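Structure first, then comments.
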Amino acid sequence: MPLLILAFFVTALLYASVGFGGGSTYTALLALSGLDYRILPLLALSCNIVVVAGSTVRFARAGVTPWRSAGLLTALAAPAALVGGLTPISETLFLTILGISLLLAGGALLLKPSVSSAEPAKAARFMPFLAIPLGYLAGLVGIGGGIFLAPLLHLVRWNSAKAVAATASLFILVNSIFGLVGQTIKGGTGRIAVAIDLGLPLLLAVAIGGQIGSFLALKYLPQGWIRLGTAALTIWVGARLLLTM
């Protein structure tokens with residue numbers, strides 16, 4: 001447990017610094033620890049909420065959140081996240097989707113962001129349509145969806161780097177809440193009790209790591225090497241998960 005707590009702390013710090021919650025990596029770390037896969041989304045989504053709630057507030061106070069465009073993406077994704085949380089899924093399919101998602105997400109993070117001062121690409125108009133499947137994936141396996149959304153927003157020059165991070169943070173927060181509701185309805189109160197018993201130390205670790213990460217992102221840390229570190233962590237965990245299935 002101490003190593004898992006440390007891993008959650010580092011994950012939260014890295015992911016929060018680029019506007020993410022870290023749900024994908026939390027889920028994979030828990031899967032590697034041998035816990036019941038049906039409990040993993042409950043813990044991961046809860047950790048997501050703890051991390052990005054602080055990040056969302058910090059970005060909003062800094063005045064970098066583009067509320068109109070971020071709100072549209074989030075409103076489209078949230079109902080799909082609820083449906084994803086309600087969807088039954090086998091353990092093999094769950095772990096396969098999670099591992100592949102981590103590899104794709106890590107690869108997406110390696111994409112070089114487009115220059116934020118340029119005009120948005122024509123493909124930017126299609127981003128709202130992608131929000132729906134990302135929301136469904138968030139609820140299904142405990143991934144907030146922002147780790148996929150942010151690189152795509154950078155690619156189409158949606159907005160500045162900090163505005164994209166703020167958008168991803170809000171997107172993850174709302175998706176995680178809706179996904180958690182769906183998972184709770186599907187699993188019942190029994191799984192919630194187990195998740196709470198296991199998750200309190202982990203929630204504390206990500207709360208502290210997330211606050212530090214979002215603070216450093218706004219004040220000090222260069223985004224380039226943070227993205228590389230986050231990508232490396234994501235790819236490593238995803239590959240290890242698939243290899244140990």
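A note on labels: chains of the structure tokens are A, B, ... as shown, every chain counts residues from 1, and ligands are counted from 1 in their shown order.
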
Exercise. What residues in stretch 19-195 of chain A get the DSSP label helix (DSSP H, G or I)? Please answer as a ChimeraX atom specification.
Worked result: /A:23-32,40-61,67-86,91-109,122-141,146-155,161-195

Problem set entry | A:Ser90 environment, 12 Å, only C-alpha atoms, sequence neighbours closer than 2 positions dropped, as JSON, numbers by chain | {"A": [36, 37, 38, 87, 88, 92, 93, 94, 95, 96, 97, 140, 141]}

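Between atom CA of A:Arg191 and atom CA of A:Ile39 lies a distance of 6.3 Å.
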
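In this comparison, which uses only C-alpha atoms, the residue of A:Leu98, A:Leu45, A:Leu30, A:Ala232 approaching A:Met1 most closely is A:Leu30.
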
Problem set entry | Nearest residue to A:Ala150 from the set A:Gln183, A:Ser69, A:Thr167, A:Ser33 (distances using only C-alpha atoms) |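 Closest to A:Ala150 of all the choices is A:Thr167.
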
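Residues with any atom within 10 Å of A:Arg227, counting only C-alpha atoms and excluding same-chain neighbours fewer than 6 positions away, are Leu14, Tyr15, Ser17, Val18, Gly106, Leu109, Leu110, Leu111, Lys112 and Leu233 of chain A.
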
Within 12 Å of A:Arg61 using only C-alpha atoms, minus same-chain residues under 6 positions, as a PDB file with C-alpha atoms, in the first residue's frame:
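So the final result, stored in out32.pdb, reads:
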```
ATOM      1  CA  GLY A  54      -8.794  21.735  -7.275  1.00  0.00           C
ATOM      2  CA  SER A  55      -7.339  22.209 -10.746  1.00  0.00           C
ATOM      3  CA  ALA A 166      -8.485  24.288 -18.063  1.00  0.00           C
ATOM      4  CA  PHE A 215      -0.103  25.164  -8.630  1.00  0.00           C
ATOM      5  CA  LEU A 218       0.353  27.844 -13.355  1.00  0.00           C
TER       6      LEU A 218
END
```

Exercise. For A:Thr74, which of A:Ile177, A:Ala195, A:Cys47, A:Ile208 is the closest residue, counting only C-alpha atoms?
Worked result: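 With only C-alpha atoms as the atom set, the closest residue is A:Ile177.
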
Exercise. Can you tell me, as a ChimeraX atom specification, what residues are no more than 6 Å from stretch 5-9 of chain A when counting only C-alpha atoms, ignoring any on the same chain fewer than 3 positions away?
Worked result: /A:2,12,202,205-206,209

Problem set entry | Gap from atom CA of A:Thr25 to atom CA of A:Ala62 - Å, one decimal |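 So the answer is 27.3 Å.
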
Problem set entry | Which residue of A:Ile235, A:Leu243, A:Leu173, A:Leu4 approaches A:Gly199 most closely, using only C-alpha atoms |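 Going through A:Ile235, A:Leu243, A:Leu173, A:Leu4 one by one, the smallest distance to A:Gly199 is for A:Leu4.
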
Problem set entry | For A:Leu153, the nearest of the candidates A:Phe59, A:Tyr26, A:Trp67, A:Phe126, counting only C-alpha atoms | A:Phe126

For this session: Please indicate the distance in Å from atom CA of A:Asn48 to atom CA of A:Met127, rounded to one decimal place.
Result: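 Computing the Euclidean distance for atom CA of A:Asn48 and atom CA of A:Met127 yields 22.4 Å.
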
For this session: Pick out the closest residue to A:Leu137 from this set: A:Ala239, A:Val83, A:Ala161, A:Arg125. Count only C-alpha atoms.
Result: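 Among the listed residues, the smallest separation from A:Leu137 belongs to A:Val83.
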